[in-house]
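Take a look at the structure below.
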Amino acid sequence: MERIMDVGTLNKKFSPLLLPAIALVAGLLTLIPPSVIGMGSSAMAVQSLEHWMRGMPDTFEALHVHWLWVPHVIAFITGGAFSALVIFRAIVIALSIYFFLLTGQRLFDERRAIIGVAMLALNVSILYLSHTFDSQLLTLLAAATLLYLFTSPNPQHHKLGALLFGLSLSIGFWPFVLLTAVVTVGLNLHHTTYGPGSKQTFALVGLMLIGIASYLLLEIFYFGYSHVWSVMNPKFFQPRGISLIAQGILIAIVSTNLLLVTIFRRKKGGIGREFQSAFIILGVFFLTNMFSRDEMLHDVVIIVPCLILVAMDRFANTLRLGAIYIVCNLGLFFFPPAFQISSEIAMADARRTQPNDAISFSYYGSSDLFSAAQLREERAGEEEAQELLSRQRLDSMLVLINPSTDTWFDGATLGALFPQNNFGWFFGTPINLVRINGLRDTSYIRPASSMPYLSGLFEKQFARTFLDGSLPPGTSLKESQRFQFIDCRGNDAARKALIDQLIYLSYQGFHHH
């Protein structure tokens, strides 16, 4: 730590308003309207917030009870859930940038801090996530804040960091586990203070436990004991025929790209050794990961800022490194095309018409390349679905959708866009399981009296190949560029045939749970 403090004394004195101004600009850039950027409204997050505003308990809300009150308050002021989330995202990005700038300034100087934060903000994966409402942005904020607090020479900052680490459990189970990597950086930097049996170490552990307990008690207060395990249990659904280890390696290569060189570059007396334990924790998670892509991206937003800090220390010409890195990542973001996931990804092997290798490749392409084209495709599909459904009679209607539409939306998304209706996302495992508007699982074969209508919304080619031939003659079909709308309202034979065919295809939901 003395070495870091010595470096800090060499910092040039710039305007004290420069770093806050950079952070403010970064936050304001996220306020660019989605139509300009080419992204969808990420309505699943909007749906979660709207359910919170109506007081409906949901796993997503319970898991984030410690921070969701912020957009809730903003929504109360603005009157709109979407605008509240846009403002909340801007705040999260601005704070992440600001704390990372302060960390870079402390470890090096203001010039290197600015180069480093430009590399962070324009990293291909973080650039993609900053145009969404994904919870990885909260993990990024937690990682940036913990890096700032644990690189400080002030013990009071370490205590705040320990408390924040405990509170990070409210972001998710795996983000909490992965953020231990940043905690090890702080313990390594201050190893003379925080030994295995020192009182200071026990004090940090106690504050971590207080943060954890405060989240759990608040969650129990709002949602009851029965919800605790459902929100804490790390669940995942493994896609058939997909290697999640290979997926993790692909995400690591795309996300860290040029920064991978940093791991193998050596420098005597640098800060790299303090980060070694963090890289081991995060690297092992990638290489042995049998969880979902979302958890891998939490890993990404922690390892990228750590690698950038080490790169700022190990490379003498940081301006050249930063320029090459930024050009590389902007190219990865703007030039790769969007990849459509195969509509047969969740089907039983015996039902597929494509070879497993081709289906697996489509999954890797659609999930692991983060690009502006992917954002535009998501937005185009979302708008197309809205336009198609807006022409139908939607009162009291249950629409069944399935994983073939997963690139564009799920039941929770449509539940937000059309809150007066019921949208069932068809799992098929266990048999007849449907998630209604992303909130509750329902055993379902025939429509209940409260849901007198039924239709289906599917990817067009999938419906033509696997569904249309099983429907009775005269079933109403409506199509758009991407989707087919199967209207079974008032047609019991068509309704039963549609459900039976979905069960026969043995669909399994593995993205949304």
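Going by the structure tokens order, chains are called A, B, ..., each with residues numbered from 1, while ligands are numbered from 1 in the order shown.
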All helix (DSSP H, G or I) residues (DSSP, backbone) inside segment 255-487 of chain A, as a PyMOL selection string: chain A and resi 255-264+272-287+293-314+318-334+349-351+356-368+372-390+403-405+411-417+460-466+468-470
List as JSON lines every residue of segment 164-184 of chain A that is in contact with segment 211-218 of chain A, defined as an atom at most 7 Å from one of its atoms (using only C-alpha atoms), together with the nearest atom pair and the distance in Å rounded to one decimal, sorted by chain and then rising number.
```
{"residue": "A:Leu164", "atom": "CA", "partner": "A:Gly211", "partner_atom": "CA", "distance": 6.7}
{"residue": "A:Gly166", "atom": "CA", "partner": "A:Gly211", "partner_atom": "CA", "distance": 4.1}
{"residue": "A:Leu167", "atom": "CA", "partner": "A:Gly211", "partner_atom": "CA", "distance": 4.6}
{"residue": "A:Leu169", "atom": "CA", "partner": "A:Ile212", "partner_atom": "CA", "distance": 6.4}
{"residue": "A:Ser170", "atom": "CA", "partner": "A:Tyr215", "partner_atom": "CA", "distance": 6.3}
```
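Non-sequential neighbours of Leu244 of chain A (distance at most 10 Å, separation of 6 or more positions within a chain, only C-alpha atoms) are Gln238, Leu250, Phe286, Leu287, Thr288, Asn289, Met290, Phe291, Ser292, Arg293, Met296 and Tyr364 of chain A.
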Computed interatomic separation between atom CA of Val124 of chain A and atom CA of Ala385 of chain A (Å): 27.9 Å
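Close contacts of Thr256 of chain A, defined as residues with an atom at most 8 Å away when counting only C-alpha atoms, with chain neighbours fewer than 3 positions off set aside, comprise A:Asn123, A:Ala252, A:Ile253, A:Leu259, A:Leu260, A:Val300, A:Val304.
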Based on the backbone DSSP call, show me all residues of segment 243-430 of chain A assigned strand (DSSP E), as a ChimeraX atom specification. /A:397-401,422-426
Across A:Asp134, A:Asp406, A:Asp357, A:Asp349, the smallest distance to Glu377 of chain A, with only C-alpha atoms counted, is shown by A:Asp406
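Of the residues under consideration (A:Val185, A:Leu137, A:Ile302, A:Ile324), A:Val185 shows the shortest atom-to-atom contact distance to His158 of chain A when counting only C-alpha atoms.
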Mind pulling up the distance from atom CA of Gln340 of chain A to atom CA of Gly424 of chain A? 22.2 Å
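Using only C-alpha atoms for every distance, the candidate list A:Ala162, A:Val301, A:Ile87, A:Ile271 yields A:Val301 as the residue closest to Leu129 of chain A.
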Hey, can you check how far atom CA of Leu107 of chain A sits from atom CA of His191 of chain A? 17.1 Å
